[in-house]
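Trainee: What follows is a single structure, and I will ask about it in a moment.
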2 protein chains.
Amino acid sequence: MRVALDVGGTKMAAGVVEADGTVPTFETVSTPQSGTWEGCADLLRTVAAGREVDAVGIACAGPVDTVAGVVSPINIAEWSDGFGLAESVSSIFPDARISLAMDGAAAALAEYRHGAGRGTPNLLSLVVSTGIGGGVVLDGRIASGRTGNSGHIGHMVVPGSDERCSCGGAGCLETVASGPSTVRWARSRGWTGGGDGRDLAEAARRGDVVALAALHRAGTALGIAVASAAALLDVDLAVVGGGFAQSGPALWAPMLESATRHARLSFISNLRIVPAELGSRGTLTGAGLLTL
Amino acid sequence: MRVALDVGGTKMAAGVVEADGTVPTFETVSTPQSGTWEGCADLLRTVAAGREVDAVGIACAGPVDTVAGVVSPINIAEWSDGFGLAESVSSIFPDARISLAMDGAAAALAEYRHGAGRGTPNLLSLVVSTGIGGGVVLDGRIASGRTGNSGHIGHMVVPGSDERCSCGGAGCLETVASGPSTVRWARSRGWTGGGDGRDLAEAARRGDVVALAALHRAGTALGIAVASAAALLDVDLAVVGGGFAQSGPALWAPMLESATRHARLSFISNLRIVPAELGSRGTLTGAGLLTL
């Protein structure tokens with residue numbers, strides 16, 4: 001039996017992997033702020049239900065170190081200085097082959113195999129939400145880079161911001177185009193609406209001028225980052241998911257427009273940007289695919 | 001016998017490949033503006049000198065299509081709409097295995113195997129000259145992307161420019177930090193010195209304030225692009241060569257400073273930027289390595 005595990009800052013999910021890598025049914029629990037590993041271990045044992053486990057595919061919030069099997073997600077306090085997740089899972093299932101990937105990379109693989117990237121073995125995926133993550137698939141496989149962290153598109157520097165970023169840098173895409181960053185910019189321009197990116201998108205749908213400008217700014221930055229990444233990677237597809245990516249044409253139109261403006265080299269002149277198809281299940285599906 | 005071929009906009013080089021992939025001696029000719037292929041064929045025949053050729057490694061100016069074996073370099077007029085280089089070489093050496101890569105990718109591979117990137121199987125290389133090219137090596141191999149064009153770092157968009165680029169886009173790194181772009185910016189600020197990037201670097205060495213500002217601007221943009229690419233790719237080394245990269249500390253200090261400012265994620269916090277070691281021989285060496 002093969003098991004897939006998705007560890008995020010707010011929730012963890014695990015389930016049994018089918019022959020095609022998908023995980024049709026799964027268990028979900030909130031990520032405990034203390035006793036994180038114990039919660040994770042309980043979840044895995046519940047899914048395994050005493051059966052023999054041959055392989056476990058793990059997708060975890062980054063940064064990760066897929067070579068060392070260690071994760072240090074900035075949004076999981078107990079693990080942020082490094083936790084030996086692969087070894088720990090191995091201690092529960094000693095006979096299982098353990099595979100570890102960053103969540104964004106797993107989601108990119110899943111979109112290639114079962115989602116919006118079917119038939120497109122070179123692609124970039126983005127998750128635009130409270131942060132901006134992503135993953136890179138080249139030649140049908142995760143391009144992991146040195147330690148599995150390839151895909152951090154949210155920390156590419158874009159024009160139009162010199163704001164400090166949570167990563168310690170400045171001017172990252174995430175400081176312009178994540179949900180909270182876009183809301184913050186709108187507030188600085190006088191928007192007084194509700195709390196989060198969803199409210200801002202709703203205001204834009206109603207024609208609020210500041211909300212529209214904020215989403216235009218975010219979309220433009222996303223399009224620029226995608227065009228830059230496509231030039232560097234030679235991919236002609238970007239799959240965009242995440243909660244804030246559901247903001248509609250007010251975000252998507254400027255994103256497509258700026259990508260078209262900047263992606264002019266012959267090999268990316270047909271660059272497509274499309275919505276992700278797998279939603280929040282993408283990461284767990286990617287974890288499942290790792291076990292094949 | 002294995003042959004390496006390097007086709008650029010101004011010159012072509014070819015030589016016999018040693019067992020370690022290097023090409024110690026080689027012939028060089030100017031790239032003919034008409035009869036480009038005939039000139040290339042003559043060069044190959046001269047190098048082969050009637051001996052049996054088992055493999056030919058080709059590095060060519062981009063864009064390329066390594067899947068189709070077709071090249072369309074913007075700086076070779078006769079080939080810019082697409083030329084079947086792999087097939088043409090095959091017609092001269094029918095029994096040879098033909099491998100094709102973009103010049104920047106070949107140079108990146110060479111720096112990994114025999115140059116400044118020895119022991120660092122995940123790296124980015126840049127050639128900063130009249131244009132800005134590059135290549136990506138992941139896991140010890142060229143990351144070619146869909147059609148072999150991965151590495152076009154000169155066409156990543158950076159802050160500080162909205163100038164039209166030769167690629168048709170705007171605000172690309174190349175519009176800020178290539179030799180000609182930097183000279184152009186210096187002239188717009190009143191620099192009246194000699195003709196090219198070398199003169200500008202010389203003026204900076206003498207303390208010319210505008211020249212120093214121009215190189216600072218270029219270096220800052222290079223550092224930002226390298227930091228962005230490193231975050232996206234998870235590489236911790238960038239190898240920088242090309243004529244304009246010989247501009248000294250006036251270019252390198254701001255490049256290193258801006259890369260350090262922006263590359264803060266844990267996995268790239270030790271990002272190094274070092275000079276290329278192989279110089280103009282890098283590309284031909286990369287072509288040689290393709291034959292192994």
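All residue names refer to the structure tokens as shown: chains lettered A, B, ... in order, residues numbered from 1 in each chain, ligands numbered from 1 in order.
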Against chain A, which residues of chain B fall within 7 Å? For each one I want the closest pair of atoms and the distance in Å (one decimal), counting only C-alpha atoms, rows by chain and increasing residue number, as a tab-separated table.
Mentor:
```
residue	atom	partner	partner_atom	distance
B:Asn122	CA	A:Arg146	CA	5.8
B:Leu138	CA	A:Gly145	CA	5.9
B:Asp139	CA	A:Gly145	CA	7.0
B:Gly145	CA	A:Asp234	CA	4.7
B:Arg146	CA	A:Asp234	CA	5.6
B:Thr147	CA	A:Asp234	CA	6.9
B:Asn149	CA	A:Asp234	CA	5.4
B:Ser150	CA	A:Leu233	CA	4.4
B:Gly151	CA	A:Leu232	CA	4.7
B:His152	CA	A:Leu232	CA	4.8
B:Ile153	CA	A:Leu232	CA	5.3
B:His155	CA	A:Ala231	CA	6.3
B:Met156	CA	A:Ser228	CA	4.2
B:Val157	CA	A:Ser228	CA	5.8
B:Val158	CA	A:Pro159	CA	6.1
B:Pro159	CA	A:Pro159	CA	4.1
B:Gly160	CA	A:Pro159	CA	7.0
B:Cys167	CA	A:Leu265	CA	5.5
B:Gly168	CA	A:Arg264	CA	5.5
B:Gly169	CA	A:His262	CA	4.4
B:Ala170	CA	A:His262	CA	6.1
B:Ile224	CA	A:Val157	CA	6.8
B:Ser228	CA	A:Met156	CA	4.2
B:Ala231	CA	A:His152	CA	5.4
B:Leu232	CA	A:Gly151	CA	4.8
B:Leu233	CA	A:Ser150	CA	4.4
B:Asp234	CA	A:Ser150	CA	4.7
B:Val235	CA	A:Arg146	CA	5.8
B:Arg261	CA	A:Gly169	CA	5.9
B:His262	CA	A:Gly169	CA	4.4
B:Ala263	CA	A:Gly169	CA	6.5
B:Arg264	CA	A:Gly168	CA	5.5
B:Leu265	CA	A:Cys167	CA	5.5
```
Trainee: Please run DSSP on the backbone and report, as a PyMOL selection string, all residues within region 73-229 of chain B that come out as helix (DSSP H, G or I).
Mentor: chain B and resi 77-79+85-92+103-114+153-155+174-177+179-188+197-205+209-229
Trainee: Could you check the closest approach to Gly279 (chain B) for each of B:Val71, B:Ala177, B:Leu251, B:Val128 and tell me which residue wins, using only C-alpha atoms?
Mentor: B:Val128
Trainee: What does the structure give for the distance between CA of Ala116 (chain B) and CA of Glu277 (chain B), in Å to one decimal?
Mentor: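 Computing the Euclidean distance for CA of Ala116 (chain B) and CA of Glu277 (chain B) yields 5.4 Å.
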Trainee: Would you kindly return, as JSON, numbers by chain, each protein, DNA or RNA residue with an atom no farther than 10 Å from any atom of Thr46 (chain A), considering only C-alpha atoms and excluding same-chain residues fewer than 4 positions away?
Mentor: {"A": [14, 15, 27, 40, 41, 42, 50]}
Trainee: As an exercise, work out the distance from CA of Asp103 (chain B) to CA of Gly282 (chain B) in Å and give it to one decimal place.
Mentor: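 So the two atoms, CA of Asp103 (chain B) and CA of Gly282 (chain B), lie 9.0 Å apart.
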Trainee: Considering only C-alpha atoms, state which residue in the set A:Ile98, A:Leu237, A:Ile142, A:Val7 is at the smallest distance from Pro32 (chain A).
Mentor: A:Val7
Trainee: What does the structure give for the distance between CA of Leu5 (chain B) and CA of Ala68 (chain B), in Å to one decimal?
Mentor: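 A separation of 17.9 Å between them.
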Trainee: Check the DSSP output for the backbone and give back, as a PyMOL selection string, the residues of region 3-181 of chain A in strand (DSSP E or B).
Mentor: chain A and resi 3-7+11-16+26-30+55-60+64-65+70-71+83+97-102+123-128+132-138+141-142+157+164+170+172
Trainee: Show me, as a list in words, the residues that have an atom within 10 Å of Trp191 (chain A) when counting only C-alpha atoms, minus same-chain residues fewer than 2 positions from it.
Mentor: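 Neighbouring residues, sequence-local ones excluded: Val183, Arg184, Trp185, Ala186, Arg187, Ser188, Arg189, Gly193, Gly194, Leu200, Ala203, Asp208, Val209, Val210, Ala211 and Ala214 of chain A.
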Trainee: Print the selection's residues with N, CA and C atoms to a file, as a JSON list (two decimals), in the first residue's frame.
Mentor:
```json
[["chain", "number", "residue", "atom", "x", "y", "z"],
["A", 183, "VAL", "N", -4.30, 43.58, -0.43],
["A", 183, "VAL", "CA", -5.22, 44.26, 0.48],
["A", 183, "VAL", "C", -4.51, 45.44, 1.16],
["A", 184, "ARG", "N", -3.28, 45.20, 1.59],
["A", 184, "ARG", "CA", -2.52, 46.26, 2.28],
["A", 184, "ARG", "C", -2.34, 47.47, 1.36],
["A", 185, "TRP", "N", -1.99, 47.20, 0.11],
["A", 185, "TRP", "CA", -1.82, 48.31, -0.85],
["A", 185, "TRP", "C", -3.15, 49.05, -1.05],
["A", 186, "ALA", "N", -4.24, 48.31, -1.17],
["A", 186, "ALA", "CA", -5.56, 48.93, -1.36],
["A", 186, "ALA", "C", -5.90, 49.82, -0.16],
["A", 187, "ARG", "N", -5.62, 49.32, 1.04],
["A", 187, "ARG", "CA", -5.88, 50.12, 2.24],
["A", 187, "ARG", "C", -5.06, 51.41, 2.23],
["A", 188, "SER", "N", -3.82, 51.28, 1.79],
["A", 188, "SER", "CA", -2.95, 52.47, 1.77],
["A", 188, "SER", "C", -3.47, 53.50, 0.77],
["A", 189, "ARG", "N", -4.32, 53.05, -0.15],
["A", 189, "ARG", "CA", -4.92, 53.97, -1.12],
["A", 189, "ARG", "C", -6.37, 54.31, -0.75],
["A", 193, "GLY", "N", -12.90, 48.59, 2.78],
["A", 193, "GLY", "CA", -13.79, 47.42, 2.80],
["A", 193, "GLY", "C", -13.35, 46.37, 3.79],
["A", 194, "GLY", "N", -13.99, 45.20, 3.69],
["A", 194, "GLY", "CA", -13.79, 44.07, 4.61],
["A", 194, "GLY", "C", -12.35, 43.61, 4.74],
["A", 200, "LEU", "N", -11.73, 41.98, -1.19],
["A", 200, "LEU", "CA", -11.19, 42.92, -2.18],
["A", 200, "LEU", "C", -11.65, 42.53, -3.59],
["A", 203, "ALA", "N", -15.19, 43.54, -3.99],
["A", 203, "ALA", "CA", -15.29, 44.99, -4.21],
["A", 203, "ALA", "C", -14.94, 45.33, -5.66],
["A", 208, "ASP", "N", -15.40, 48.89, -7.51],
["A", 208, "ASP", "CA", -14.62, 49.78, -6.64],
["A", 208, "ASP", "C", -13.27, 50.10, -7.31],
["A", 209, "VAL", "N", -13.02, 51.39, -7.49],
["A", 209, "VAL", "CA", -11.87, 51.82, -8.29],
["A", 209, "VAL", "C", -10.54, 51.43, -7.63],
["A", 210, "VAL", "N", -10.45, 51.58, -6.33],
["A", 210, "VAL", "CA", -9.20, 51.23, -5.65],
["A", 210, "VAL", "C", -8.98, 49.73, -5.68],
["A", 211, "ALA", "N", -10.03, 48.98, -5.46],
["A", 211, "ALA", "CA", -9.91, 47.51, -5.51],
["A", 211, "ALA", "C", -9.46, 47.07, -6.90],
["A", 214, "ALA", "N", -5.81, 47.84, -7.30],
["A", 214, "ALA", "CA", -4.97, 46.93, -6.51],
["A", 214, "ALA", "C", -4.82, 45.58, -7.23]]
```
Trainee: Quick one: residues within 12 Å of Gly69 (chain A), only C-alpha atoms counted, chain neighbours fewer than 5 positions away excluded, as a PyMOL selection string?
Mentor: chain A and resi 57-60+63-64+82-90+98-102+147-148
Trainee: Could you write those residues out with C-alpha atoms, as a compact mmCIF listing (two decimals), in the first residue's frame?
Mentor:
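The result, written out as part-v7.txt:
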```txt
# COMPACT_ATOMS: atom_id res chain seq x y z
CA GLY A 57 5.08 10.31 -0.67
CA ILE A 58 5.36 13.51 1.34
CA ALA A 59 4.64 17.05 0.17
CA CYS A 60 5.60 19.64 2.75
CA PRO A 63 11.72 25.44 2.59
CA VAL A 64 12.61 21.78 2.53
CA GLY A 82 14.49 21.91 10.75
CA PHE A 83 12.71 18.63 11.40
CA GLY A 84 13.76 15.21 10.10
CA LEU A 85 10.42 14.38 8.55
CA ALA A 86 11.61 11.61 6.23
CA GLU A 87 13.37 9.76 9.05
CA SER A 88 10.40 10.22 11.36
CA VAL A 89 7.98 8.78 8.82
CA SER A 90 10.45 5.95 8.26
CA ILE A 98 10.02 7.60 1.50
CA SER A 99 9.90 10.40 -1.11
CA LEU A 100 9.81 14.06 -0.14
CA ALA A 101 9.02 17.15 -2.22
CA MET A 102 8.15 20.77 -1.56
CA THR A 147 17.65 20.85 -2.16
CA GLY A 148 14.15 20.57 -3.58
```
Trainee: Could you give me, as a list of chain:residue names, the residues within 9 Å of Ser280 (chain B), counting only C-alpha atoms and dropping anything in the same chain fewer than 5 positions from it?
Mentor: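 Skipping anything fewer than 5 positions along the chain leaves B:Ala107, B:Gly241, B:Gly242.
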Trainee: Generate the output file for the selected residues, N, CA and C atoms, as an mmCIF file, in the first residue's frame.
Mentor:
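Okay, this is what ended up in out_23.cif:
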```cif
data_model
loop_
_atom_site.group_PDB
_atom_site.id
_atom_site.type_symbol
_atom_site.label_atom_id
_atom_site.label_comp_id
_atom_site.auth_asym_id
_atom_site.auth_seq_id
_atom_site.Cartn_x
_atom_site.Cartn_y
_atom_site.Cartn_z
ATOM 1 N N ALA B 107 27.949 26.500 -22.253
ATOM 2 C CA ALA B 107 28.946 27.164 -21.417
ATOM 3 C C ALA B 107 28.710 26.869 -19.940
ATOM 4 N N GLY B 241 30.469 35.382 -16.798
ATOM 5 C CA GLY B 241 31.521 35.692 -17.755
ATOM 6 C C GLY B 241 31.037 36.677 -18.800
ATOM 7 N N GLY B 242 31.824 36.796 -19.864
ATOM 8 C CA GLY B 242 31.494 37.740 -20.926
ATOM 9 C C GLY B 242 32.313 39.004 -20.803
#
```
